[in-house]
$ cat model.pdb   # PDB, C-alpha atoms
ATOM      1  CA  MET I   1       0.000   0.000   0.000
ATOM      2  CA  ILE I   2       2.777   2.446   0.902
ATOM      3  CA  LEU I   3       4.713   1.474  -2.231
ATOM      4  CA  GLU I   4       1.641   2.134  -4.360
ATOM      5  CA  GLN I   5       1.139   5.588  -2.781
ATOM      6  CA  GLU I   6       4.761   6.469  -3.492
ATOM      7  CA  LEU I   7       4.411   5.311  -7.088
ATOM      8  CA  GLU I   8       1.211   7.286  -7.680
ATOM      9  CA  GLY I   9       3.098  10.598  -7.623
ATOM     10  CA  LYS I  10       6.047   9.240  -9.623
ATOM     11  CA  THR I  11       6.424   9.771 -13.348
ATOM     12  CA  LEU I  12       7.736   7.066 -15.644
ATOM     13  CA  SER I  13       9.788   7.567 -18.788
ATOM     14  CA  PRO I  14       8.904   5.737 -22.027
ATOM     15  CA  GLN I  15      11.883   3.420 -21.450
ATOM     16  CA  GLU I  16      10.502   2.418 -18.033
ATOM     17  CA  VAL I  17       7.029   1.916 -19.521
ATOM     18  CA  ARG I  18       8.522  -0.306 -22.246
ATOM     19  CA  SER I  19      10.244  -2.463 -19.632
ATOM     20  CA  ILE I  20       7.136  -2.641 -17.386
ATOM     21  CA  LEU I  21       4.819  -3.582 -20.275
ATOM     22  CA  LYS I  22       7.513  -5.633 -22.039
ATOM     23  CA  THR I  23       6.675  -4.095 -25.411
ATOM     24  CA  ASP I  24       7.943  -1.605 -27.990
ATOM     25  CA  ASN I  25       7.047   2.030 -28.736
ATOM     26  CA  LYS I  26       4.629   1.097 -31.505
ATOM     27  CA  GLU I  27       2.632  -1.097 -29.145
ATOM     28  CA  ILE I  28       2.672   1.633 -26.474
ATOM     29  CA  VAL I  29       1.256   4.127 -28.974
ATOM     30  CA  GLU I  30      -1.490   1.628 -29.883
ATOM     31  CA  LEU I  31      -2.291   1.030 -26.217
ATOM     32  CA  CYS I  32      -2.427   4.798 -25.579
ATOM     33  CA  LYS I  33      -4.943   5.169 -28.409
ATOM     34  CA  ARG I  34      -7.103   2.362 -27.022
ATOM     35  CA  ALA I  35      -6.971   3.757 -23.498
ATOM     36  CA  SER I  36      -7.395   7.379 -24.675
ATOM     37  CA  ILE I  37      -4.204   8.421 -22.900
ATOM     38  CA  LEU I  38      -2.151  11.352 -24.125
ATOM     39  CA  PRO I  39       1.452  11.210 -22.858
ATOM     40  CA  LYS I  40       2.566  14.398 -21.148
ATOM     41  CA  LYS I  41       5.786  16.325 -21.722
ATOM     42  CA  ASN I  42       7.936  17.988 -19.077
ATOM     43  CA  SER I  43       9.559  21.421 -19.350
ATOM     44  CA  LYS I  44      12.470  19.893 -21.298
ATOM     45  CA  GLY I  45      10.071  18.365 -23.841
ATOM     46  CA  GLN I  46      10.614  14.792 -22.639
ATOM     47  CA  THR I  47       7.632  12.441 -22.626
ATOM     48  CA  TYR I  48       6.495  10.865 -19.368
ATOM     49  CA  PHE I  49       3.630   8.782 -18.011
ATOM     50  CA  SER I  50       2.006   8.756 -14.587
ATOM     51  CA  TYR I  51       1.714   5.566 -12.563
ATOM     52  CA  GLU I  52      -2.085   5.559 -13.067
ATOM     53  CA  GLU I  53      -1.667   5.822 -16.825
ATOM     54  CA  VAL I  54       0.719   2.861 -16.850
ATOM     55  CA  LYS I  55      -1.786   0.847 -14.772
ATOM     56  CA  ASN I  56      -4.470   1.658 -17.369
ATOM     57  CA  LEU I  57      -2.113   0.730 -20.187
ATOM     58  CA  ARG I  58      -1.412  -2.609 -18.492
ATOM     59  CA  LYS I  59      -5.168  -3.286 -18.199
ATOM     60  CA  VAL I  60      -5.692  -2.458 -21.884
ATOM     61  CA  GLN I  61      -2.745  -4.672 -22.788
ATOM     62  CA  ALA I  62      -4.211  -7.556 -20.804
ATOM     63  CA  ALA I  63      -7.631  -7.054 -22.424
ATOM     64  CA  LYS I  64      -6.015  -6.889 -25.842
ATOM     65  CA  GLY I  65      -4.099 -10.111 -25.166
ATOM     66  CA  ALA I  66      -7.340 -11.829 -24.199
ATOM     67  CA  SER I  67      -9.056 -10.624 -27.372
ATOM     68  CA  LEU I  68      -6.175 -11.883 -29.534
ATOM     69  CA  ALA I  69      -6.597 -15.494 -28.418
ATOM     70  CA  PRO I  70      -9.908 -16.029 -30.255
ATOM     71  CA  ALA I  71      -8.538 -14.252 -33.304
ATOM     72  CA  LYS I  72      -5.666 -16.732 -33.527
ATOM     73  CA  ARG I  73      -8.152 -19.588 -33.519
ATOM     74  CA  SER I  74      -9.951 -18.160 -36.547
ATOM     75  CA  THR I  75      -7.011 -18.496 -38.947
ATOM     76  CA  PRO I  76      -9.145 -20.397 -41.497
ATOM     77  CA  MET I  77     -11.400 -17.348 -41.611
ATOM     78  CA  MET I  78      -8.354 -15.116 -42.068
ATOM     79  CA  ASN I  79      -7.146 -17.394 -44.886
ATOM     80  CA  ILE I  80     -10.522 -17.140 -46.599
ATOM     81  CA  LEU I  81     -10.522 -13.359 -46.210
ATOM     82  CA  SER I  82      -7.014 -13.044 -47.615
ATOM     83  CA  SER I  83      -7.957 -15.343 -50.530
ATOM     84  CA  LEU I  84     -10.989 -13.180 -51.255
ATOM     85  CA  LYS I  85      -8.840 -10.056 -51.112
ATOM     86  CA  GLU I  86      -6.359 -11.606 -53.571
ATOM     87  CA  MET I  87      -9.208 -12.605 -55.890
ATOM     88  CA  GLU I  88     -10.644  -9.094 -55.721
ATOM     89  CA  ASN I  89      -7.265  -7.560 -56.589
ATOM     90  CA  SER I  90      -6.736 -10.065 -59.406
ATOM     91  CA  LEU I  91     -10.171  -9.364 -60.891
ATOM     92  CA  SER I  92      -9.659  -5.609 -60.600
ATOM     93  CA  ASP I  93      -6.324  -5.878 -62.395
ATOM     94  CA  ARG I  94      -7.815  -8.015 -65.193
ATOM     95  CA  ILE I  95     -10.781  -5.696 -65.681
ATOM     96  CA  SER I  96      -8.482  -2.663 -65.736
ATOM     97  CA  LYS I  97      -6.277  -4.355 -68.325
ATOM     98  CA  VAL I  98      -9.239  -5.242 -70.573
ATOM     99  CA  ILE I  99     -10.693  -1.727 -70.332
ATOM    100  CA  ASP I 100      -7.294  -0.198 -71.130
ATOM    101  CA  GLU I 101      -6.938  -2.464 -74.185
ATOM    102  CA  LYS I 102     -10.436  -1.600 -75.421
ATOM    103  CA  LEU I 103      -9.921   2.136 -74.950
ATOM    104  CA  GLU I 104      -6.434   2.085 -76.454
ATOM    105  CA  GLY I 105      -7.653   2.844 -80.004
ATOM    106  CA  MET I 106     -10.250   5.400 -78.933
ATOM    107  CA  ASP I 107      -7.833   8.330 -79.231
ATOM    108  CA  GLU I 108      -7.320   7.645 -82.939
ATOM    109  CA  VAL I 109     -11.067   7.207 -83.420
ATOM    110  CA  VAL I 110     -11.771  10.570 -81.790
ATOM    111  CA  VAL I 111      -9.104  12.298 -83.913
ATOM    112  CA  GLU I 112     -10.555  10.680 -87.073
ATOM    113  CA  LEU I 113     -14.079  11.721 -86.072
ATOM    114  CA  ILE I 114     -12.968  15.338 -85.629
ATOM    115  CA  ARG I 115     -11.200  15.255 -89.013
ATOM    116  CA  CYS I 116     -14.339  13.865 -90.684
ATOM    117  CA  LYS I 117     -16.507  16.515 -89.070
ATOM    118  CA  THR I 118     -14.161  19.247 -90.334
ATOM    119  CA  ASP I 119     -14.209  17.743 -93.846
ATOM    120  CA  ASN I 120     -18.010  17.551 -93.705
ATOM    121  CA  GLU I 121     -18.280  21.251 -92.828
ATOM    122  CA  THR I 122     -15.869  22.151 -95.651
ATOM    123  CA  LEU I 123     -17.927  20.160 -98.174
ATOM    124  CA  ARG I 124     -21.163  21.715 -96.900
ATOM    125  CA  GLN I 125     -19.711  25.179 -97.525
ATOM    126  CA  LYS I 126     -18.627  24.129-101.058
ATOM    127  CA  ILE I 127     -22.203  22.959-101.777
ATOM    128  CA  ILE I 128     -23.563  26.328-100.663
ATOM    129  CA  ASP I 129     -21.039  28.144-102.905
ATOM    130  CA  LEU I 130     -21.866  25.886-105.889
ATOM    131  CA  ASN I 131     -25.616  26.431-105.428
ATOM    132  CA  LYS I 132     -25.013  30.203-105.536
ATOM    133  CA  GLU I 133     -22.985  29.763-108.724
ATOM    134  CA  ILE I 134     -25.726  27.586-110.322
ATOM    135  CA  TYR I 135     -28.333  30.235-109.504
ATOM    136  CA  GLN I 136     -26.158  32.922-111.083
ATOM    137  CA  LEU I 137     -25.567  30.789-114.228
ATOM    138  CA  LYS I 138     -29.308  30.057-114.607
ATOM    139  CA  ASN I 139     -30.026  33.779-114.449
ATOM    140  CA  ASP I 140     -27.383  34.381-117.112
ATOM    141  CA  LEU I 141     -28.862  31.590-119.277
ATOM    142  CA  ASN I 142     -32.381  33.004-118.967
ATOM    143  CA  ALA I 143     -31.039  36.345-120.234
ATOM    144  CA  TYR I 144     -30.617  34.808-123.749
ATOM    145  CA  LYS I 145     -33.756  34.619-125.938
ATOM    146  CA  PRO I 146     -34.011  32.705-129.235
ATOM    147  CA  VAL I 147     -34.179  34.947-132.295
ATOM    148  CA  ALA I 148     -34.130  32.772-135.469
ATOM    149  CA  LEU I 149     -32.083  30.051-137.138
ATOM    150  CA  GLY I 150     -30.588  28.954-133.808
ATOM    151  CA  PHE I 151     -29.354  32.365-132.861
ATOM    152  CA  TYR I 152     -29.862  33.885-129.475
ATOM    153  CA  LYS I 153     -29.865  37.443-128.371
ATOM    154  CA  LYS I 154     -28.992  38.538-124.897
ATOM    155  CA  LYS I 155     -31.687  40.670-123.495
ATOM    156  CA  GLU I 156     -30.485  43.715-121.695
ATOM    157  CA  LYS I 157     -31.186  43.720-118.024
ATOM    158  CA  ASN I 158     -33.261  46.561-116.873
ATOM    159  CA  ILE I 159     -32.194  47.759-113.494
ATOM    160  CA  TRP I 160     -35.839  48.483-112.711
ATOM    161  CA  ASP I 161     -37.015  44.872-113.349
TER     162      ASP I 161
END
$ encode --input "model.pdb" --output "structure tokens"
Amino acid sequence: MILEQELEGKTLSPQEVRSILKTDNKEIVELCKRASILPKKNSKGQTYFSYEEVKNLRKVQAAKGASLAPAKRSTPMMNILSSLKEMENSLSDRISKVIDEKLEGMDEVVVELIRCKTDNETLRQKIIDLNKEIYQLKNDLNAYKPVALGFYKKKEKNIWD
């Protein structure tokens, strides 16, 4: 009882906590997260733990050890889960590969489509220009009237007509 009262006011360094819990820093960090303990820092910036915090960490460590025992027994389940994960990754890789192969030629198709669209617009403009020229030529042709013996006379255009 007296020893415990003396320890309650004492602070413990991370090295002492590692030796008490017989674990490494990574495990201590995990235990602190589980126990919602934030290590404190002294005026020199060194980390320390209180005796109560270490007691809580020990309890969490013991509870964690107890919860690991059933997990070790379920290794067939872990094997199944890892097999499923491997299958999922394999399928994802295959699907990605197939999609990449199918889309590989799409860039050329898009470029060809744009070229065809440009050509189509150019031809449409040529048709419009040719229709204007045909209209003009028909007007010129209608300006000639037959006279006799296969001769034609161009009728003068009246600007008022």
$ atom_distance --input "model.pdb" --atom1 "CA of Ala63 in chain I" --atom2 "CA of Ile20 in chain I"
16.2 Å
$ residues_around --input "model.pdb" --residues "Lys41 in chain I" --least-positions-apart "5" --cutoff "12 Å" --atoms "all atoms listed in the file" --output "PyMOL selection string"
chain I and resi 11-14+46-50
$ residues_around --input "model.pdb" --residues "range 133-141 of chain I" --least-positions-apart "2" --cutoff "12 Å" --atoms "all atoms listed in the file" --output "list of chain:residue names"
I:Lys126, I:Ile127, I:Ile128, I:Asp129, I:Leu130, I:Asn131, I:Ala143, I:Tyr144, I:Lys145, I:Pro146, I:Tyr152, I:Lys153, I:Lys154, I:Lys155, I:Glu156, I:Lys157
$ atom_distance --input "model.pdb" --atom1 "CA of Thr122 in chain I" --atom2 "CA of Val110 in chain I"
18.5 Å
$ atom_distance --input "model.pdb" --atom1 "CA of Lys85 in chain I" --atom2 "CA of Asp100 in chain I"
22.4 Å
$ residues_around --input "model.pdb" --residues "Glu30 in chain I" --least-positions-apart "5" --cutoff "10 Å" --atoms "all atoms listed in the file" --output "compact mmCIF listing (two decimals) with C-alpha atoms, keeping the file's coordinate frame"
# COMPACT_ATOMS: atom_id res chain seq x y z
CA ASN I 25 7.05 2.03 -28.74
CA ALA I 35 -6.97 3.76 -23.50
CA SER I 36 -7.40 7.38 -24.68
CA LEU I 57 -2.11 0.73 -20.19
CA VAL I 60 -5.69 -2.46 -21.88
CA GLN I 61 -2.74 -4.67 -22.79
$ residues_around --input "model.pdb" --residues "Leu31 in chain I" --least-positions-apart "5" --cutoff "12 Å" --atoms "all atoms listed in the file" --output "VMD selection string"
chain I and resid 17 to 18 21 23 to 26 36 to 39 53 to 65
